[in-house]
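Asks: Supplied structure: query37.pdb, PDB, C-alpha atoms and all ligand atoms.
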```pdb
ATOM      1  CA  MET A   1     -20.157  15.715  -5.653  1.00  0.00           C
ATOM      2  CA  LYS A   2     -17.765  16.235  -2.778  1.00  0.00           C
ATOM      3  CA  GLY A   3     -16.291  13.484  -0.641  1.00  0.00           C
ATOM      4  CA  LYS A   4     -16.061  13.642   3.124  1.00  0.00           C
ATOM      5  CA  TYR A   5     -12.310  14.307   3.024  1.00  0.00           C
ATOM      6  CA  ASP A   6     -10.172  16.625   0.922  1.00  0.00           C
ATOM      7  CA  LYS A   7      -7.450  13.967   0.785  1.00  0.00           C
ATOM      8  CA  HIS A   8      -7.645  10.295   1.495  1.00  0.00           C
ATOM      9  CA  ILE A   9      -4.425   8.389   2.094  1.00  0.00           C
ATOM     10  CA  PHE A  10      -4.595   4.626   1.861  1.00  0.00           C
ATOM     11  CA  VAL A  11      -1.674   2.792   3.408  1.00  0.00           C
ATOM     12  CA  CYS A  12      -1.468  -0.939   2.874  1.00  0.00           C
ATOM     13  CA  ILE A  13      -0.903  -2.817   6.112  1.00  0.00           C
ATOM     14  CA  ASN A  14      -1.746  -6.248   4.746  1.00  0.00           C
ATOM     15  CA  GLU A  15       0.099  -9.082   6.450  1.00  0.00           C
ATOM     16  CA  ARG A  16       1.201 -12.423   5.012  1.00  0.00           C
ATOM     17  CA  PRO A  17       3.204 -15.298   6.479  1.00  0.00           C
ATOM     18  CA  ALA A  18       6.963 -14.619   6.536  1.00  0.00           C
ATOM     19  CA  ASP A  19       7.595 -17.280   3.887  1.00  0.00           C
ATOM     20  CA  SER A  20       5.167 -15.777   1.365  1.00  0.00           C
ATOM     21  CA  PRO A  21       7.004 -15.096  -1.920  1.00  0.00           C
ATOM     22  CA  LYS A  22       4.837 -12.041  -2.551  1.00  0.00           C
ATOM     23  CA  GLY A  23       5.891 -10.378   0.670  1.00  0.00           C
ATOM     24  CA  CYS A  24       3.594  -7.880   2.309  1.00  0.00           C
ATOM     25  CA  CYS A  25       3.431  -4.244   3.304  1.00  0.00           C
ATOM     26  CA  ALA A  26       3.087  -5.066   7.002  1.00  0.00           C
ATOM     27  CA  ALA A  27       6.621  -6.503   6.876  1.00  0.00           C
ATOM     28  CA  LYS A  28       7.808  -3.353   5.073  1.00  0.00           C
ATOM     29  CA  GLY A  29       6.598  -0.897   7.683  1.00  0.00           C
ATOM     30  CA  GLY A  30       3.011  -0.304   6.549  1.00  0.00           C
ATOM     31  CA  LYS A  31       1.677   0.234  10.059  1.00  0.00           C
ATOM     32  CA  ASP A  32       4.453   2.670  11.001  1.00  0.00           C
ATOM     33  CA  ILE A  33       3.995   4.544   7.724  1.00  0.00           C
ATOM     34  CA  ARG A  34       0.306   4.996   8.435  1.00  0.00           C
ATOM     35  CA  PHE A  35       1.062   6.139  11.969  1.00  0.00           C
ATOM     36  CA  GLU A  36       3.479   8.776  10.638  1.00  0.00           C
ATOM     37  CA  PHE A  37       0.752  10.133   8.346  1.00  0.00           C
ATOM     38  CA  VAL A  38      -1.710  10.246  11.248  1.00  0.00           C
ATOM     39  CA  LYS A  39       0.823  12.167  13.353  1.00  0.00           C
ATOM     40  CA  LEU A  40       1.371  14.743  10.590  1.00  0.00           C
ATOM     41  CA  ILE A  41      -2.374  15.120   9.987  1.00  0.00           C
ATOM     42  CA  ASN A  42      -2.866  15.882  13.675  1.00  0.00           C
ATOM     43  CA  GLN A  43       0.151  18.194  13.864  1.00  0.00           C
ATOM     44  CA  HIS A  44      -1.208  20.223  10.948  1.00  0.00           C
ATOM     45  CA  GLY A  45      -4.728  20.383  12.386  1.00  0.00           C
ATOM     46  CA  LEU A  46      -6.118  18.516   9.412  1.00  0.00           C
ATOM     47  CA  LYS A  47      -8.118  15.894  11.270  1.00  0.00           C
ATOM     48  CA  GLY A  48     -11.520  15.698   9.576  1.00  0.00           C
ATOM     49  CA  LYS A  49     -10.088  17.054   6.307  1.00  0.00           C
ATOM     50  CA  VAL A  50      -7.401  14.481   5.601  1.00  0.00           C
ATOM     51  CA  ARG A  51      -7.765  10.826   6.464  1.00  0.00           C
ATOM     52  CA  SER A  52      -5.079   8.165   6.602  1.00  0.00           C
ATOM     53  CA  ASN A  53      -6.732   4.789   6.316  1.00  0.00           C
ATOM     54  CA  LYS A  54      -5.374   1.316   6.874  1.00  0.00           C
ATOM     55  CA  SER A  55      -5.791  -0.509   3.616  1.00  0.00           C
ATOM     56  CA  GLY A  56      -5.863  -4.136   2.706  1.00  0.00           C
ATOM     57  CA  CYS A  57      -3.716  -5.383  -0.150  1.00  0.00           C
ATOM     58  CA  LEU A  58      -3.463  -2.895  -3.019  1.00  0.00           C
ATOM     59  CA  ASP A  59      -1.998  -5.575  -5.301  1.00  0.00           C
ATOM     60  CA  ALA A  60       1.485  -4.109  -5.516  1.00  0.00           C
ATOM     61  CA  CYS A  61       2.906  -6.255  -2.714  1.00  0.00           C
ATOM     62  CA  GLU A  62       6.237  -7.022  -4.341  1.00  0.00           C
ATOM     63  CA  LEU A  63       6.957  -3.289  -4.535  1.00  0.00           C
ATOM     64  CA  GLY A  64       5.575  -2.370  -1.115  1.00  0.00           C
ATOM     65  CA  ALA A  65       5.063  -0.634   1.044  1.00  0.00           C
ATOM     66  CA  THR A  66       2.279   0.814  -1.053  1.00  0.00           C
ATOM     67  CA  VAL A  67       0.489   4.126  -0.490  1.00  0.00           C
ATOM     68  CA  ALA A  68      -2.313   5.607  -2.613  1.00  0.00           C
ATOM     69  CA  ILE A  69      -3.607   9.164  -2.271  1.00  0.00           C
ATOM     70  CA  TYR A  70      -6.952  10.361  -3.597  1.00  0.00           C
ATOM     71  CA  PRO A  71      -8.504  12.306  -5.232  1.00  0.00           C
ATOM     72  CA  ASP A  72      -5.147  12.921  -6.946  1.00  0.00           C
ATOM     73  CA  GLY A  73      -4.591   9.242  -7.708  1.00  0.00           C
ATOM     74  CA  PHE A  74      -0.921   9.300  -6.697  1.00  0.00           C
ATOM     75  CA  TRP A  75       0.368   5.788  -6.082  1.00  0.00           C
ATOM     76  CA  TYR A  76       3.669   5.336  -4.309  1.00  0.00           C
ATOM     77  CA  THR A  77       5.699   2.152  -4.063  1.00  0.00           C
ATOM     78  CA  ARG A  78       8.675   1.146  -1.930  1.00  0.00           C
ATOM     79  CA  VAL A  79       7.616   3.744   0.622  1.00  0.00           C
ATOM     80  CA  THR A  80       9.439   3.886   3.964  1.00  0.00           C
ATOM     81  CA  THR A  81       8.704   5.920   7.078  1.00  0.00           C
ATOM     82  CA  GLU A  82      11.509   8.295   6.039  1.00  0.00           C
ATOM     83  CA  ASP A  83       9.515   9.182   2.900  1.00  0.00           C
ATOM     84  CA  VAL A  84       6.351  10.172   4.760  1.00  0.00           C
ATOM     85  CA  PRO A  85       7.227  13.829   5.558  1.00  0.00           C
ATOM     86  CA  GLU A  86       8.039  14.527   1.894  1.00  0.00           C
ATOM     87  CA  ILE A  87       4.882  12.785   0.661  1.00  0.00           C
ATOM     88  CA  PHE A  88       2.833  14.706   3.206  1.00  0.00           C
ATOM     89  CA  GLU A  89       4.410  18.051   2.352  1.00  0.00           C
ATOM     90  CA  LYS A  90       4.108  17.680  -1.412  1.00  0.00           C
ATOM     91  CA  SER A  91       1.123  15.443  -2.082  1.00  0.00           C
ATOM     92  CA  VAL A  92      -1.145  16.139   0.870  1.00  0.00           C
ATOM     93  CA  LEU A  93      -0.460  19.834   1.428  1.00  0.00           C
ATOM     94  CA  LYS A  94       0.322  20.915  -2.147  1.00  0.00           C
ATOM     95  CA  GLY A  95      -1.315  18.262  -4.340  1.00  0.00           C
ATOM     96  CA  GLU A  96       1.965  17.571  -6.107  1.00  0.00           C
ATOM     97  CA  PRO A  97       3.532  14.180  -6.786  1.00  0.00           C
ATOM     98  CA  VAL A  98       6.803  12.968  -5.271  1.00  0.00           C
ATOM     99  CA  GLU A  99       8.297  11.927  -8.577  1.00  0.00           C
ATOM    100  CA  ARG A 100      10.999   9.620  -7.196  1.00  0.00           C
ATOM    101  CA  LEU A 101       8.363   7.377  -5.573  1.00  0.00           C
ATOM    102  CA  LEU A 102       5.483   7.869  -7.973  1.00  0.00           C
ATOM    103  CA  ALA A 103       4.279   4.720  -9.697  1.00  0.00           C
ATOM    104  CA  THR A 104       4.302   5.007 -13.472  1.00  0.00           C
ATOM    105  CA  GLU A 105       3.685   2.634 -16.342  1.00  0.00           C
ATOM    106  CA  LYS A 106       7.276   1.448 -15.842  1.00  0.00           C
ATOM    107  CA  THR A 107       6.471   0.564 -12.216  1.00  0.00           C
ATOM    108  CA  TRP A 108       3.499  -1.581 -13.230  1.00  0.00           C
ATOM    109  CA  GLN A 109       5.575  -3.294 -15.917  1.00  0.00           C
ATOM    110  CA  GLU A 110       8.249  -4.091 -13.320  1.00  0.00           C
ATOM    111  CA  LEU A 111       5.549  -5.447 -11.015  1.00  0.00           C
ATOM    112  CA  GLU A 112       4.222  -7.721 -13.757  1.00  0.00           C
ATOM    113  CA  ARG A 113       7.727  -9.008 -14.500  1.00  0.00           C
ATOM    114  CA  ILE A 114       8.269  -9.834 -10.813  1.00  0.00           C
ATOM    115  CA  LYS A 115       4.858 -11.486 -10.519  1.00  0.00           C
ATOM    116  CA  ASN A 116       5.486 -13.613 -13.589  1.00  0.00           C
ATOM    117  CA  LYS A 117       8.682 -14.988 -12.024  1.00  0.00           C
ATOM    118  CA  LEU A 118       6.964 -16.062  -8.788  1.00  0.00           C
TER     119      LEU A 118
HETATM  120  S1  LIG B   1       0.426  -6.451   0.684  1.00  0.00           S
HETATM  121 FE1  LIG B   1       0.539  -4.304   0.339  1.00  0.00          FE
HETATM  122  S2  LIG B   1       0.008  -4.126  -1.739  1.00  0.00           S
HETATM  123 FE2  LIG B   1      -0.292  -6.218  -1.321  1.00  0.00          FE
END
```
Please rewrite the model in this file as structure tokens.
Ligand code: FES

Replies:
Amino acid sequence: MKGKYDKHIFVCINERPADSPKGCCAAKGGKDIRFEFVKLINQHGLKGKVRSNKSGCLDACELGATVAIYPDGFWYTRVTTEDVPEIFEKSVLKGEPVERLLATEKTWQELERIKNKL
């Protein structure tokens, strides 16, 4: 079975009130990050092959902004707009992870520790 897109980038843009202890990806640049991906997709003529979608909460809020790329299953945390060109180059064009941002078991353990303190 083949999906409609070769790569699907989900960028969390979920928004919470400013006093929310969880924080949110909207406050950490989620919308700008998505826009940067859209720009690169268009610049590379990949519209229709690669899709950058606004996502609701991906449940990694405390470590946002959060980006997930499929079908590879790369999850990135603490993403900023400055990271987008590297993620695009490596993960979208080459299918390789950006190790310094890639979520690992350690990332999810850190997330659980933070959540347990809230
Ligand atoms: S608000 Fe972005 S992961 Fe929850």

Asks: List every residue of chain A that has an atom at most 8 Å from any atom of ligand LIG 1 (chain B), giving for each one its closest atom pair and the distance in Å to one decimal, counting all atoms listed in the file, sorted by chain and then by ascending residue number, as CSV.

Replies:
```
residue,atom,partner,partner_atom,distance
A:Cys12,CA,B:LIG1,FE1,4.7
A:Ile13,CA,B:LIG1,FE1,6.1
A:Asn14,CA,B:LIG1,S1,4.6
A:Glu15,CA,B:LIG1,S1,6.3
A:Arg16,CA,B:LIG1,S1,7.4
A:Lys22,CA,B:LIG1,S1,7.8
A:Gly23,CA,B:LIG1,S1,6.7
A:Cys24,CA,B:LIG1,S1,3.8
A:Cys25,CA,B:LIG1,FE1,4.1
A:Ala26,CA,B:LIG1,S1,7.0
A:Gly30,CA,B:LIG1,FE1,7.8
A:Gly56,CA,B:LIG1,FE1,6.8
A:Cys57,CA,B:LIG1,FE2,3.7
A:Leu58,CA,B:LIG1,S2,3.9
A:Asp59,CA,B:LIG1,S2,4.3
A:Ala60,CA,B:LIG1,S2,4.1
A:Cys61,CA,B:LIG1,FE2,3.5
A:Glu62,CA,B:LIG1,FE2,7.2
A:Leu63,CA,B:LIG1,S2,7.5
A:Gly64,CA,B:LIG1,FE1,5.6
A:Ala65,CA,B:LIG1,FE1,5.9
A:Thr66,CA,B:LIG1,S2,5.5
```

Asks: Selected by the PyMOL selection byres (((chain A and resi 52) around 9) and not hetatm) in the shown coordinates: which residues, as a list in words?

Replies: Lys7, His8, Ile9, Phe10, Val11, Arg34, Phe35, Phe37, Val38, Ile41, Val50, Arg51, Asn53 and Lys54 of chain A

Asks: For A:Ala27, which residue among A:Lys90, A:Leu111, A:Thr80, A:Ala103 is the nearest when counting all atoms listed in the file?

Replies: A:Thr80

Asks: Interatomic distance between atom CA of A:Lys2 and atom CA of A:Asp72?

Replies: 13.7 Å

Asks: Would you compute the box with edges along x, y and z of the file around stretch 14-33 of chain A, including every atom the file lists for it and 4 Å extra on each side, and give its centre and edge lengths in Å to one decimal, as AutoDock Vina command-line options?

Replies:
```
--center_x 3.0 --center_y -6.4 --center_z 4.2 --size_x 17.6 --size_y 29.8 --size_z 21.6
```

Asks: Any idea what the distance is between atom CA of A:Arg100 and atom CA of A:Phe74?

Replies: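 Calculated distance between atom CA of A:Arg100 and atom CA of A:Phe74 is 11.9 Å.
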